[in-house]
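What follows is structure_31.txt (compact mmCIF, C-alpha atoms and all ligand atoms).
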```
# COMPACT_ATOMS: atom_id res chain seq x y z
CA MET P 8 -37.24 27.24 -23.29
CA SER P 9 -36.34 24.03 -21.54
CA GLU P 10 -34.82 23.61 -18.09
CA THR P 11 -32.47 20.86 -19.20
CA THR P 12 -31.12 19.47 -22.45
CA THR P 13 -28.61 16.93 -23.70
CA THR P 14 -26.64 17.62 -26.86
CA PHE P 15 -24.13 15.67 -28.91
CA ALA P 16 -21.57 16.91 -31.42
CA PRO P 17 -19.30 14.53 -33.32
CA GLY P 18 -15.62 14.71 -34.13
CA ARG P 19 -14.67 14.92 -37.77
CA VAL P 20 -12.21 13.47 -40.18
CA GLU P 21 -10.75 15.50 -43.02
CA ILE P 22 -10.57 13.14 -45.97
CA LEU P 23 -9.09 15.38 -48.67
CA GLY P 24 -8.26 19.08 -48.65
CA ASN P 25 -5.56 19.88 -46.11
CA HIS P 26 -5.27 23.46 -44.79
CA THR P 27 -7.63 24.58 -47.55
CA ASP P 28 -10.39 25.97 -45.31
CA TYR P 29 -8.74 29.24 -44.30
CA ASN P 30 -7.49 29.57 -47.89
CA LEU P 31 -11.14 29.53 -49.01
CA GLY P 32 -10.74 26.31 -50.99
CA PHE P 33 -12.55 22.96 -50.91
CA VAL P 34 -12.56 20.11 -48.37
CA LEU P 35 -14.08 16.65 -48.29
CA SER P 36 -14.73 15.59 -44.72
CA ALA P 37 -17.06 13.48 -42.63
CA ALA P 38 -18.43 13.50 -39.11
CA ILE P 39 -17.49 10.32 -37.22
CA HIS P 40 -19.55 8.28 -34.76
CA LEU P 41 -17.62 9.51 -31.70
CA GLY P 42 -18.10 12.89 -30.08
CA VAL P 43 -18.82 15.13 -27.13
CA THR P 44 -22.04 14.89 -25.11
CA ILE P 45 -23.21 17.74 -22.88
CA GLU P 46 -25.90 17.54 -20.25
CA ALA P 47 -26.97 21.09 -19.61
CA SER P 48 -29.35 22.84 -17.24
CA ARG P 49 -30.37 26.40 -16.55
CA LEU P 50 -29.18 28.09 -13.34
CA SER P 51 -30.87 30.96 -11.54
CA GLU P 52 -27.49 32.67 -10.86
CA GLU P 53 -25.70 34.52 -13.68
CA ILE P 54 -22.84 32.06 -13.76
CA LEU P 55 -21.41 29.39 -15.98
CA GLU P 56 -20.56 26.12 -14.22
CA ILE P 57 -18.68 23.66 -16.40
CA SER P 58 -17.34 20.25 -15.51
CA SER P 59 -15.74 17.57 -17.65
CA GLU P 60 -15.86 13.88 -16.86
CA THR P 61 -13.01 13.48 -19.32
CA ASN P 62 -10.43 15.36 -17.26
CA GLN P 63 -12.31 15.41 -13.92
CA ARG P 64 -12.04 19.21 -13.72
CA SER P 65 -14.67 21.85 -13.13
CA ILE P 66 -14.83 25.63 -13.22
CA SER P 67 -17.30 28.34 -12.35
CA ILE P 68 -17.21 31.82 -13.88
CA GLU P 69 -19.51 34.86 -13.82
CA LEU P 70 -21.28 35.61 -17.06
CA SER P 71 -20.44 39.29 -16.65
CA ASN P 72 -16.72 38.55 -16.51
CA LEU P 73 -15.96 35.86 -19.10
CA ARG P 74 -12.24 35.84 -19.83
CA PRO P 75 -9.74 33.20 -20.98
CA LEU P 76 -8.58 30.96 -18.13
CA THR P 77 -4.95 30.02 -17.90
CA GLU P 78 -5.00 27.15 -15.42
CA ASP P 79 -8.13 25.47 -16.82
CA ALA P 80 -7.45 26.28 -20.46
CA TRP P 81 -9.63 23.31 -21.54
CA ALA P 82 -12.69 25.33 -20.42
CA ASN P 83 -11.87 28.16 -22.82
CA TYR P 84 -13.65 26.30 -25.63
CA PRO P 85 -17.11 26.28 -23.98
CA VAL P 86 -16.56 29.61 -22.17
CA GLY P 87 -15.47 31.17 -25.48
CA VAL P 88 -18.65 29.96 -27.20
CA ILE P 89 -20.87 31.53 -24.53
CA LYS P 90 -18.84 34.74 -24.66
CA VAL P 91 -19.20 34.92 -28.47
CA LEU P 92 -22.96 34.23 -28.25
CA LEU P 93 -23.38 37.06 -25.73
CA ALA P 94 -21.20 39.41 -27.79
CA SER P 95 -23.31 38.60 -30.86
CA GLY P 96 -26.44 39.76 -29.07
CA PHE P 97 -27.96 36.41 -28.08
CA ARG P 98 -29.78 36.54 -24.76
CA LEU P 99 -28.92 33.84 -22.29
CA SER P 100 -28.36 33.52 -18.57
CA GLY P 101 -26.68 31.14 -16.14
CA MET P 102 -26.19 27.48 -17.01
CA ARG P 103 -24.41 24.36 -15.96
CA LEU P 104 -22.65 22.15 -18.53
CA ASN P 105 -21.61 18.59 -17.82
CA ILE P 106 -19.22 17.32 -20.49
CA SER P 107 -18.45 13.73 -21.38
CA SER P 108 -16.74 12.43 -24.49
CA ASP P 109 -15.60 9.28 -26.27
CA LEU P 110 -13.39 11.23 -28.65
CA PRO P 111 -9.61 11.20 -28.13
CA LEU P 112 -8.23 14.69 -27.42
CA GLY P 113 -5.53 16.15 -29.64
CA ALA P 114 -5.74 13.24 -32.07
CA GLY P 115 -6.61 15.43 -35.04
CA LEU P 116 -10.29 14.44 -34.85
CA SER P 117 -11.36 17.83 -33.58
CA SER P 118 -12.53 17.27 -30.06
CA SER P 119 -12.22 21.05 -29.67
CA ALA P 120 -14.85 21.80 -32.32
CA ALA P 121 -17.10 19.02 -30.99
CA LEU P 122 -16.94 20.64 -27.56
CA GLU P 123 -17.74 24.07 -29.00
CA VAL P 124 -20.62 22.87 -31.15
CA ALA P 125 -22.18 20.81 -28.34
CA THR P 126 -21.96 23.92 -26.12
CA ALA P 127 -23.62 26.18 -28.70
CA LEU P 128 -26.42 23.65 -29.23
CA ALA P 129 -26.97 23.40 -25.47
CA ALA P 130 -27.31 27.19 -25.20
CA LYS P 131 -29.64 27.18 -28.20
CA ALA P 132 -31.92 24.58 -26.65
CA LEU P 133 -31.91 26.08 -23.14
CA PHE P 134 -32.61 29.66 -24.25
CA ASP P 135 -34.45 29.20 -27.55
CA LEU P 136 -31.72 30.93 -29.55
CA GLU P 137 -32.26 31.15 -33.27
CA PHE P 138 -29.39 30.65 -35.70
CA GLU P 139 -28.83 28.77 -38.94
CA LYS P 140 -26.50 25.78 -38.91
CA MET P 141 -23.70 27.55 -40.78
CA ARG P 142 -23.94 30.51 -38.43
CA LEU P 143 -23.63 28.15 -35.48
CA ALA P 144 -20.43 26.72 -36.99
CA GLN P 145 -19.09 30.24 -37.61
CA LEU P 146 -19.82 31.40 -34.07
CA CYS P 147 -17.93 28.39 -32.72
CA GLN P 148 -15.01 29.09 -35.06
CA LYS P 149 -14.95 32.67 -33.81
CA ALA P 150 -14.71 31.37 -30.23
CA GLU P 151 -11.72 29.18 -31.14
CA ASN P 152 -10.04 32.02 -33.06
CA GLU P 153 -10.63 34.85 -30.66
CA PHE P 154 -10.98 33.27 -27.24
CA VAL P 155 -8.74 30.21 -27.46
CA GLY P 156 -6.33 31.88 -29.88
CA VAL P 157 -6.01 29.18 -32.55
CA GLN P 158 -6.51 30.65 -36.03
CA SER P 159 -8.31 27.55 -37.31
CA GLY P 160 -10.61 27.67 -40.34
CA LEU P 161 -14.26 26.63 -40.46
CA LEU P 162 -13.69 22.98 -41.41
CA ASP P 163 -13.89 21.43 -37.96
CA GLN P 164 -17.06 23.13 -36.80
CA ALA P 165 -18.85 22.88 -40.17
CA SER P 166 -18.10 19.14 -40.42
CA SER P 167 -19.38 18.52 -36.90
CA VAL P 168 -22.56 20.45 -37.69
CA PHE P 169 -23.31 19.16 -41.21
CA GLY P 170 -22.24 15.48 -40.95
CA LYS P 171 -24.53 12.95 -42.67
CA SER P 172 -24.48 9.18 -42.35
CA HIS P 173 -22.92 7.41 -45.35
CA GLN P 174 -22.12 10.79 -46.92
CA LEU P 175 -18.98 12.81 -47.23
CA ILE P 176 -19.36 16.56 -46.92
CA LEU P 177 -18.02 18.80 -49.64
CA LEU P 178 -17.38 22.23 -48.18
CA ASP P 179 -16.67 25.29 -50.30
CA PHE P 180 -15.15 27.92 -48.04
CA LEU P 181 -15.33 30.76 -50.54
CA ASN P 182 -19.08 30.54 -51.02
CA VAL P 183 -19.57 29.00 -47.55
CA THR P 184 -21.75 26.21 -48.89
CA VAL P 185 -22.04 22.50 -48.20
CA GLU P 186 -23.01 19.55 -50.40
CA THR P 187 -22.97 15.84 -49.73
CA VAL P 188 -21.24 13.11 -51.75
CA SER P 189 -22.12 9.44 -51.17
CA LEU P 190 -19.40 7.10 -50.00
CA PRO P 191 -19.90 3.67 -51.62
CA ALA P 192 -21.07 1.06 -49.09
CA ASN P 193 -18.06 -1.20 -49.71
CA ALA P 194 -15.70 1.46 -48.31
CA SER P 195 -14.96 2.27 -44.66
CA LEU P 196 -12.84 4.86 -42.92
CA LEU P 197 -10.00 3.68 -40.71
CA LEU P 198 -8.39 6.20 -38.37
CA LEU P 199 -5.00 5.40 -36.91
CA ASN P 200 -3.78 7.60 -34.09
CA SER P 201 0.02 7.82 -34.25
CA GLY P 202 0.05 8.09 -30.46
CA VAL P 203 1.94 11.37 -30.76
CA PRO P 204 -0.46 14.25 -30.02
CA HIS P 205 -0.15 17.19 -32.36
CA GLN P 206 2.78 19.12 -31.04
CA LEU P 207 3.23 22.89 -31.05
CA THR P 208 -0.50 23.47 -31.50
CA GLY P 209 -1.11 27.03 -32.51
CA GLY P 210 2.47 28.03 -33.24
CA GLU P 211 3.11 25.88 -36.29
CA TYR P 212 -0.47 26.12 -37.43
CA ASN P 213 -0.58 29.90 -37.26
CA GLU P 214 2.80 30.09 -39.01
CA ARG P 215 1.50 28.05 -41.96
CA ARG P 216 -1.53 30.25 -42.11
CA LYS P 217 0.65 33.36 -42.33
CA GLN P 218 2.76 31.81 -45.10
CA CYS P 219 -0.40 31.11 -47.13
CA MET P 220 -1.60 34.69 -46.68
CA LEU P 221 1.81 35.94 -47.77
CA ALA P 222 1.67 33.78 -50.90
CA ALA P 223 -1.76 35.15 -51.82
CA LYS P 224 -0.57 38.70 -51.19
CA SER P 225 2.49 38.22 -53.39
CA LEU P 226 0.22 36.96 -56.17
CA GLY P 227 -2.03 39.98 -55.76
CA ILE P 228 -5.09 37.86 -54.94
CA LYS P 229 -7.42 37.70 -51.94
CA SER P 230 -6.87 34.03 -51.15
CA LEU P 231 -5.16 30.98 -52.61
CA ARG P 232 -8.57 29.89 -53.87
CA ASP P 233 -7.90 32.13 -56.86
CA ALA P 234 -4.43 30.73 -57.61
CA THR P 235 -3.52 28.05 -60.17
CA LEU P 236 -0.50 25.75 -60.14
CA ALA P 237 0.71 27.32 -63.42
CA GLN P 238 0.62 30.77 -61.83
CA LEU P 239 2.61 29.55 -58.83
CA GLU P 240 5.36 28.33 -61.16
CA SER P 241 5.67 31.63 -62.99
CA VAL P 242 5.48 34.23 -60.20
CA PRO P 243 8.64 35.05 -58.21
CA LEU P 244 8.06 33.66 -54.72
CA ASP P 245 10.51 32.45 -52.17
CA GLU P 246 10.98 28.72 -52.22
CA VAL P 247 9.18 27.90 -48.95
CA THR P 248 6.20 30.14 -49.66
CA ARG P 249 5.83 28.58 -53.12
CA ARG P 250 5.76 25.05 -51.68
CA ARG P 251 3.16 26.03 -49.08
CA ALA P 252 0.96 27.48 -51.81
CA ILE P 253 1.46 24.47 -54.12
CA HIS P 254 0.14 22.24 -51.33
CA VAL P 255 -3.00 24.28 -50.78
CA VAL P 256 -3.84 24.73 -54.46
CA GLY P 257 -3.06 21.05 -55.18
CA GLU P 258 -5.29 19.96 -52.30
CA SER P 259 -8.27 21.94 -53.53
CA ASP P 260 -7.77 20.42 -57.01
CA ARG P 261 -7.56 16.94 -55.52
CA VAL P 262 -10.85 17.48 -53.68
CA LEU P 263 -12.65 18.27 -56.94
CA GLN P 264 -11.01 15.29 -58.67
CA GLY P 265 -11.95 13.15 -55.68
CA VAL P 266 -15.60 14.11 -55.95
CA GLN P 267 -15.59 13.03 -59.61
CA ALA P 268 -13.90 9.74 -58.67
CA LEU P 269 -16.49 8.99 -55.97
CA ARG P 270 -19.41 9.91 -58.23
CA SER P 271 -18.16 7.36 -60.78
CA ASN P 272 -17.37 4.77 -58.10
CA ARG P 273 -13.60 4.79 -58.73
CA LEU P 274 -12.37 4.10 -55.21
CA GLN P 275 -8.77 3.35 -56.19
CA ALA P 276 -8.53 6.66 -58.05
CA PHE P 277 -9.82 8.36 -54.91
CA GLY P 278 -7.27 6.48 -52.79
CA ASP P 279 -4.44 7.59 -55.09
CA LEU P 280 -5.46 11.20 -54.47
CA MET P 281 -5.21 10.56 -50.72
CA PHE P 282 -1.67 9.20 -51.11
CA ALA P 283 -0.74 12.20 -53.29
CA SER P 284 -2.13 14.49 -50.61
CA HIS P 285 0.14 12.93 -48.01
CA VAL P 286 3.23 13.27 -50.21
CA SER P 287 2.39 16.94 -50.68
CA SER P 288 2.09 17.36 -46.90
CA GLN P 289 5.53 15.79 -46.53
CA ILE P 290 7.39 17.79 -49.13
CA ASN P 291 5.41 20.97 -49.68
CA PHE P 292 3.63 21.82 -46.45
CA GLU P 293 5.99 19.99 -44.07
CA ASN P 294 3.20 19.28 -41.61
CA SER P 295 3.74 15.52 -41.36
CA THR P 296 5.82 13.63 -38.80
CA SER P 297 8.00 10.55 -39.19
CA TYR P 298 5.30 8.61 -37.27
CA LEU P 299 2.51 9.62 -39.66
CA ASP P 300 4.80 8.84 -42.60
CA VAL P 301 5.38 5.30 -41.31
CA LEU P 302 1.62 4.75 -40.93
CA VAL P 303 0.95 5.91 -44.49
CA ASP P 304 3.83 3.88 -45.93
CA LEU P 305 2.57 0.75 -44.17
CA ALA P 306 -0.97 1.43 -45.41
CA ARG P 307 0.35 1.69 -48.97
CA LYS P 308 1.70 -1.85 -48.74
CA THR P 309 -1.34 -3.40 -47.07
CA PRO P 310 -4.02 -5.17 -49.14
CA GLY P 311 -7.49 -3.69 -48.78
CA VAL P 312 -6.28 -0.09 -48.41
CA PHE P 313 -7.34 2.29 -51.22
CA GLY P 314 -5.59 5.34 -49.85
CA SER P 315 -4.16 6.94 -46.72
CA ARG P 316 -2.96 10.34 -45.54
CA LEU P 317 -2.57 12.48 -42.46
CA THR P 318 -5.80 14.12 -41.38
CA GLY P 319 -6.30 17.55 -39.83
CA GLY P 320 -3.68 20.15 -39.02
CA GLY P 321 -0.76 17.72 -38.93
CA PHE P 322 2.40 17.81 -36.79
CA GLY P 323 1.13 14.62 -35.12
CA GLY P 324 -2.35 13.23 -34.65
CA SER P 325 -3.91 10.61 -36.90
CA THR P 326 -4.02 9.22 -40.40
CA VAL P 327 -7.22 8.42 -42.28
CA SER P 328 -7.35 5.47 -44.65
CA LEU P 329 -10.08 4.56 -47.07
CA ILE P 330 -10.36 0.79 -46.89
CA GLN P 331 -12.37 -2.04 -48.35
CA ALA P 332 -15.19 -2.84 -45.90
CA GLY P 333 -14.53 -6.13 -44.12
CA TYR P 334 -10.73 -5.85 -44.25
CA ALA P 335 -10.35 -3.68 -41.15
CA ASN P 336 -9.25 -6.31 -38.62
CA GLU P 337 -6.53 -7.69 -40.84
CA ILE P 338 -5.31 -4.22 -41.81
CA VAL P 339 -5.18 -3.00 -38.21
CA ARG P 340 -3.35 -6.14 -37.08
CA THR P 341 -0.70 -5.85 -39.80
CA ILE P 342 -0.10 -2.12 -39.51
CA SER P 343 -0.07 -1.99 -35.67
CA LEU P 344 2.51 -4.74 -35.46
CA GLU P 345 4.83 -3.23 -38.05
CA TYR P 346 4.35 0.28 -36.65
CA HIS P 347 5.45 -0.85 -33.21
CA LYS P 348 8.45 -2.68 -34.64
CA MET P 349 9.55 0.34 -36.66
CA THR P 350 8.90 3.18 -34.20
CA GLY P 351 8.55 1.64 -30.75
CA ALA P 352 5.25 3.54 -30.48
CA ASN P 353 1.74 2.11 -30.37
CA CYS P 354 -1.01 3.27 -32.67
CA SER P 355 -4.69 2.97 -31.85
CA ALA P 356 -7.39 2.34 -34.40
CA ILE P 357 -10.91 3.65 -34.84
CA LEU P 358 -13.04 2.12 -37.56
CA THR P 359 -15.80 4.51 -38.53
CA GLU P 360 -18.39 5.41 -41.14
CA PRO P 361 -19.51 8.89 -42.11
CA SER P 362 -22.02 9.76 -39.38
CA GLU P 363 -24.79 12.22 -38.51
CA GLY P 364 -23.83 15.72 -37.42
CA ALA P 365 -24.51 17.54 -34.16
CA ARG P 366 -27.96 17.20 -32.59
CA ILE P 367 -30.09 17.85 -29.56
CA LEU P 368 -30.72 14.45 -27.98
CA SER P 369 -33.34 15.54 -25.48
P1 LIG P 401 -8.33 18.25 -31.36
O1 LIG P 401 -9.36 19.28 -31.66
O2 LIG P 401 -7.69 17.71 -32.59
O3 LIG P 401 -8.82 17.16 -30.49
P2 LIG P 401 -7.19 20.49 -29.98
O4 LIG P 401 -5.85 20.72 -29.37
O5 LIG P 401 -7.68 21.45 -30.99
O6 LIG P 401 -7.16 19.00 -30.57
O7 LIG P 401 -8.30 20.40 -28.85
C1 LIG P 401 -8.13 19.55 -27.74
C2 LIG P 401 -8.43 20.32 -26.47
O8 LIG P 401 -9.86 20.54 -26.38
C3 LIG P 401 -8.09 19.55 -25.21
O9 LIG P 401 -6.73 19.73 -24.89
C4 LIG P 401 -9.01 20.18 -24.20
O10 LIG P 401 -8.50 21.43 -23.79
C5 LIG P 401 -10.27 20.47 -25.02
N1 LIG P 401 -11.25 19.36 -24.89
C6 LIG P 401 -11.77 18.61 -25.88
N2 LIG P 401 -12.65 17.70 -25.40
C7 LIG P 401 -12.68 17.88 -24.07
C8 LIG P 401 -13.39 17.23 -23.00
N3 LIG P 401 -14.21 16.21 -23.21
N4 LIG P 401 -13.18 17.69 -21.74
C9 LIG P 401 -12.34 18.72 -21.51
N5 LIG P 401 -11.65 19.35 -22.47
C10 LIG P 401 -11.80 18.95 -23.73
MG MG P 402 -9.02 21.23 -32.53
```

Turn the structure described in the file into structure tokens.
Amino acid sequence: MSETTTTFAPGRVEILGNHTDYNLGFVLSAAIHLGVTIEASRLSEEILEISSETNQRSISIELSNLRPLTEDAWANYPVGVIKVLLASGFRLSGMRLNISSDLPLGAGLSSSAALEVATALAAKALFDLEFEKMRLAQLCQKAENEFVGVQSGLLDQASSVFGKSHQLILLDFLNVTVETVSLPANASLLLLNSGVPHQLTGGEYNERRKQCMLAAKSLGIKSLRDATLAQLESVPLDEVTRRRAIHVVGESDRVLQGVQALRSNRLQAFGDLMFASHVSSQINFENSTSYLDVLVDLARKTPGVFGSRLTGGGFGGSTVSLIQAGYANEIVRTISLEYHKMTGANCSAILTEPSEGARILS
């Protein structure tokens, strides 16, 4: 056991496979170079003291009485993780967590999962807890589901945990397995934040999740993982439910096609799948916004862009584009200018490469 530790957990970008995680499908994602850092130390009192440099807030709560906070809801992510660890039988006592981050919040890059994963790693290092990496991701997901109340799938936490530099992560949520797929060195990832944080977090997300469950139930299957597009055409489903399901099944298919494209170095074919994914978000899943649509349309017209789509839950946040390495400055200049002209809003860019997953720094 150590008295102090510093941990880091990265944000993630979903590259293909939108809303497929809780439908037990496939996702291609990557950890990015930005993330949450936690400096942690053990305390002799049975309390949790948490402060964030990001929002300049701090809280203190007794370990014996961990409950969701309403005023400092930001702290529910780390408090929830500790609560879930205790409820799962892990033995730990008081600690202090000092959070800092270079990840934008609510931008669709999963600062929430980064915060959870960095917290779990800190507890692991301070109290010598033993759990496998996938279990760590699952415990963090449980905290977000049960303590924060967002019914998110495992994508965010698993990507933050399993990230690898220069590799995309292929997650299979039915078998709960992870593989890596190399991203060719001449390709980079460009993230453009629409400047509109995802709105209606929880509400819209949980509604989509319910619609997917309803579709699976109507088809008499456990999850949409077991559905095919042909089946969706032939079974009587209401119009909206059918479109939601078509998105999810199409996304999982596109992930598998995307893996083949990357393995044979066909970057444009991969990019076309990203554009197709965005169109499906627009018309089938209706989780895009006019701002994200403008960003993707501009990307489509800009030389050096292979493909572009919204990333993460949707309803705001960021787009991810696969671009030719070396073209980033020109692409960002062109798109930012046009975006401002067309929407009056400003987008901000992050150029990144697939990066290493969560780790104990000291
Ligand atoms: P995303 O995960 O896409 O960034 P979420 O709405 O799921 O968006 O999570 C963002 C929330 O996570 C913030 O509103 C805040 O409550 C919490 N959070 C993330 N990082 C930090 C941080 N560094 N300090 C305090 N709270 C944070
Ligand atoms: Mg989140």

* To do: Could you pull out the residues sitting within 9 Å of ligand MG 402 (chain P), using only C-alpha atoms and all ligand atoms, and write them as a ChimeraX atom specification?
  => /P:112-121,151,157,159,163,208,319-320

Just write the chosen residues, C-alpha atoms, as a compact mmCIF listing (two decimals), keeping the file's coordinate frame.
```txt
# COMPACT_ATOMS: atom_id res chain seq x y z
CA LEU P 112 -8.23 14.69 -27.42
CA GLY P 113 -5.53 16.15 -29.64
CA ALA P 114 -5.74 13.24 -32.07
CA GLY P 115 -6.61 15.43 -35.04
CA LEU P 116 -10.29 14.44 -34.85
CA SER P 117 -11.36 17.83 -33.58
CA SER P 118 -12.53 17.27 -30.06
CA SER P 119 -12.22 21.05 -29.67
CA ALA P 120 -14.85 21.80 -32.32
CA ALA P 121 -17.10 19.02 -30.99
CA GLU P 151 -11.72 29.18 -31.14
CA VAL P 157 -6.01 29.18 -32.55
CA SER P 159 -8.31 27.55 -37.31
CA ASP P 163 -13.89 21.43 -37.96
CA THR P 208 -0.50 23.47 -31.50
CA GLY P 319 -6.30 17.55 -39.83
CA GLY P 320 -3.68 20.15 -39.02
```

* Looking at P:Thr184, P:Asn83, P:Thr309, P:Gln267, which one is nearest to ligand LIG 401 (chain P), with distances taken over only C-alpha atoms and all ligand atoms? ->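 Comparing P:Thr184, P:Asn83, P:Thr309, P:Gln267 against ligand LIG 401 (chain P), the winner is P:Asn83.
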
* To do: Using only C-alpha atoms, pick whichever of P:Leu76, P:Ala268, P:Cys354, P:Leu239 has the shortest atom-to-atom distance to Gly202 of chain P.
  =>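 Closest to Gly202 of chain P of all the choices is P:Cys354.
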
Could you make a table, as JSON lines, of the residues of chain P that have an atom within 10 Å of an atom of ligand LIG 401 (chain P), each with its nearest atom pair and distance in Å to one decimal, counting only C-alpha atoms and all ligand atoms, in chain and number order?
```
{"residue": "P:Gly18", "atom": "CA", "partner": "P:LIG401", "partner_atom": "O3", "distance": 8.1}
{"residue": "P:Arg19", "atom": "CA", "partner": "P:LIG401", "partner_atom": "O2", "distance": 9.1}
{"residue": "P:Val20", "atom": "CA", "partner": "P:LIG401", "partner_atom": "O2", "distance": 9.8}
{"residue": "P:Gly42", "atom": "CA", "partner": "P:LIG401", "partner_atom": "N3", "distance": 8.6}
{"residue": "P:Val43", "atom": "CA", "partner": "P:LIG401", "partner_atom": "N3", "distance": 6.1}
{"residue": "P:Thr44", "atom": "CA", "partner": "P:LIG401", "partner_atom": "N3", "distance": 8.2}
{"residue": "P:Ile45", "atom": "CA", "partner": "P:LIG401", "partner_atom": "N3", "distance": 9.1}
{"residue": "P:Ile57", "atom": "CA", "partner": "P:LIG401", "partner_atom": "C9", "distance": 9.5}
{"residue": "P:Ser58", "atom": "CA", "partner": "P:LIG401", "partner_atom": "N4", "distance": 7.9}
{"residue": "P:Ser59", "atom": "CA", "partner": "P:LIG401", "partner_atom": "N4", "distance": 4.8}
{"residue": "P:Glu60", "atom": "CA", "partner": "P:LIG401", "partner_atom": "N4", "distance": 6.7}
{"residue": "P:Thr61", "atom": "CA", "partner": "P:LIG401", "partner_atom": "N4", "distance": 4.9}
{"residue": "P:Asn62", "atom": "CA", "partner": "P:LIG401", "partner_atom": "C9", "distance": 5.7}
{"residue": "P:Gln63", "atom": "CA", "partner": "P:LIG401", "partner_atom": "N4", "distance": 8.2}
{"residue": "P:Arg64", "atom": "CA", "partner": "P:LIG401", "partner_atom": "C9", "distance": 7.8}
{"residue": "P:Ser65", "atom": "CA", "partner": "P:LIG401", "partner_atom": "C9", "distance": 9.2}
{"residue": "P:Asp79", "atom": "CA", "partner": "P:LIG401", "partner_atom": "O10", "distance": 8.1}
{"residue": "P:Ala80", "atom": "CA", "partner": "P:LIG401", "partner_atom": "O10", "distance": 6.0}
{"residue": "P:Trp81", "atom": "CA", "partner": "P:LIG401", "partner_atom": "O10", "distance": 3.1}
{"residue": "P:Ala82", "atom": "CA", "partner": "P:LIG401", "partner_atom": "N5", "distance": 6.4}
{"residue": "P:Asn83", "atom": "CA", "partner": "P:LIG401", "partner_atom": "O10", "distance": 7.6}
{"residue": "P:Tyr84", "atom": "CA", "partner": "P:LIG401", "partner_atom": "C5", "distance": 6.8}
{"residue": "P:Pro85", "atom": "CA", "partner": "P:LIG401", "partner_atom": "N5", "distance": 9.0}
{"residue": "P:Asn105", "atom": "CA", "partner": "P:LIG401", "partner_atom": "N4", "distance": 9.3}
{"residue": "P:Ile106", "atom": "CA", "partner": "P:LIG401", "partner_atom": "N3", "distance": 5.8}
{"residue": "P:Ser107", "atom": "CA", "partner": "P:LIG401", "partner_atom": "N3", "distance": 5.2}
{"residue": "P:Ser108", "atom": "CA", "partner": "P:LIG401", "partner_atom": "N3", "distance": 4.7}
{"residue": "P:Asp109", "atom": "CA", "partner": "P:LIG401", "partner_atom": "N3", "distance": 7.7}
{"residue": "P:Leu110", "atom": "CA", "partner": "P:LIG401", "partner_atom": "N2", "distance": 7.3}
{"residue": "P:Pro111", "atom": "CA", "partner": "P:LIG401", "partner_atom": "O3", "distance": 6.5}
{"residue": "P:Leu112", "atom": "CA", "partner": "P:LIG401", "partner_atom": "O3", "distance": 4.0}
{"residue": "P:Gly113", "atom": "CA", "partner": "P:LIG401", "partner_atom": "O6", "distance": 3.4}
{"residue": "P:Ala114", "atom": "CA", "partner": "P:LIG401", "partner_atom": "O2", "distance": 4.9}
{"residue": "P:Gly115", "atom": "CA", "partner": "P:LIG401", "partner_atom": "O2", "distance": 3.5}
{"residue": "P:Leu116", "atom": "CA", "partner": "P:LIG401", "partner_atom": "O2", "distance": 4.7}
{"residue": "P:Ser117", "atom": "CA", "partner": "P:LIG401", "partner_atom": "O1", "distance": 3.1}
{"residue": "P:Ser118", "atom": "CA", "partner": "P:LIG401", "partner_atom": "O3", "distance": 3.7}
{"residue": "P:Ser119", "atom": "CA", "partner": "P:LIG401", "partner_atom": "O1", "distance": 3.9}
{"residue": "P:Ala120", "atom": "CA", "partner": "P:LIG401", "partner_atom": "O1", "distance": 6.1}
{"residue": "P:Ala121", "atom": "CA", "partner": "P:LIG401", "partner_atom": "N2", "distance": 7.3}
{"residue": "P:Leu122", "atom": "CA", "partner": "P:LIG401", "partner_atom": "N2", "distance": 5.6}
{"residue": "P:Glu123", "atom": "CA", "partner": "P:LIG401", "partner_atom": "C6", "distance": 8.7}
{"residue": "P:Glu151", "atom": "CA", "partner": "P:LIG401", "partner_atom": "O5", "distance": 8.7}
{"residue": "P:Val155", "atom": "CA", "partner": "P:LIG401", "partner_atom": "O5", "distance": 9.5}
{"residue": "P:Val157", "atom": "CA", "partner": "P:LIG401", "partner_atom": "O5", "distance": 8.1}
{"residue": "P:Ser159", "atom": "CA", "partner": "P:LIG401", "partner_atom": "O5", "distance": 8.8}
{"residue": "P:Asp163", "atom": "CA", "partner": "P:LIG401", "partner_atom": "O1", "distance": 8.1}
{"residue": "P:Pro204", "atom": "CA", "partner": "P:LIG401", "partner_atom": "O6", "distance": 8.2}
{"residue": "P:His205", "atom": "CA", "partner": "P:LIG401", "partner_atom": "O4", "distance": 7.3}
{"residue": "P:Gln206", "atom": "CA", "partner": "P:LIG401", "partner_atom": "O4", "distance": 8.9}
{"residue": "P:Leu207", "atom": "CA", "partner": "P:LIG401", "partner_atom": "O4", "distance": 9.5}
{"residue": "P:Thr208", "atom": "CA", "partner": "P:LIG401", "partner_atom": "O4", "distance": 6.4}
{"residue": "P:Gly209", "atom": "CA", "partner": "P:LIG401", "partner_atom": "O4", "distance": 8.5}
{"residue": "P:Thr318", "atom": "CA", "partner": "P:LIG401", "partner_atom": "O2", "distance": 9.7}
{"residue": "P:Gly319", "atom": "CA", "partner": "P:LIG401", "partner_atom": "O2", "distance": 7.4}
{"residue": "P:Gly320", "atom": "CA", "partner": "P:LIG401", "partner_atom": "O2", "distance": 8.0}
{"residue": "P:Gly321", "atom": "CA", "partner": "P:LIG401", "partner_atom": "O2", "distance": 9.4}
{"residue": "P:Gly323", "atom": "CA", "partner": "P:LIG401", "partner_atom": "O2", "distance": 9.7}
{"residue": "P:Gly324", "atom": "CA", "partner": "P:LIG401", "partner_atom": "O2", "distance": 7.3}
{"residue": "P:Ser325", "atom": "CA", "partner": "P:LIG401", "partner_atom": "O2", "distance": 9.1}
```
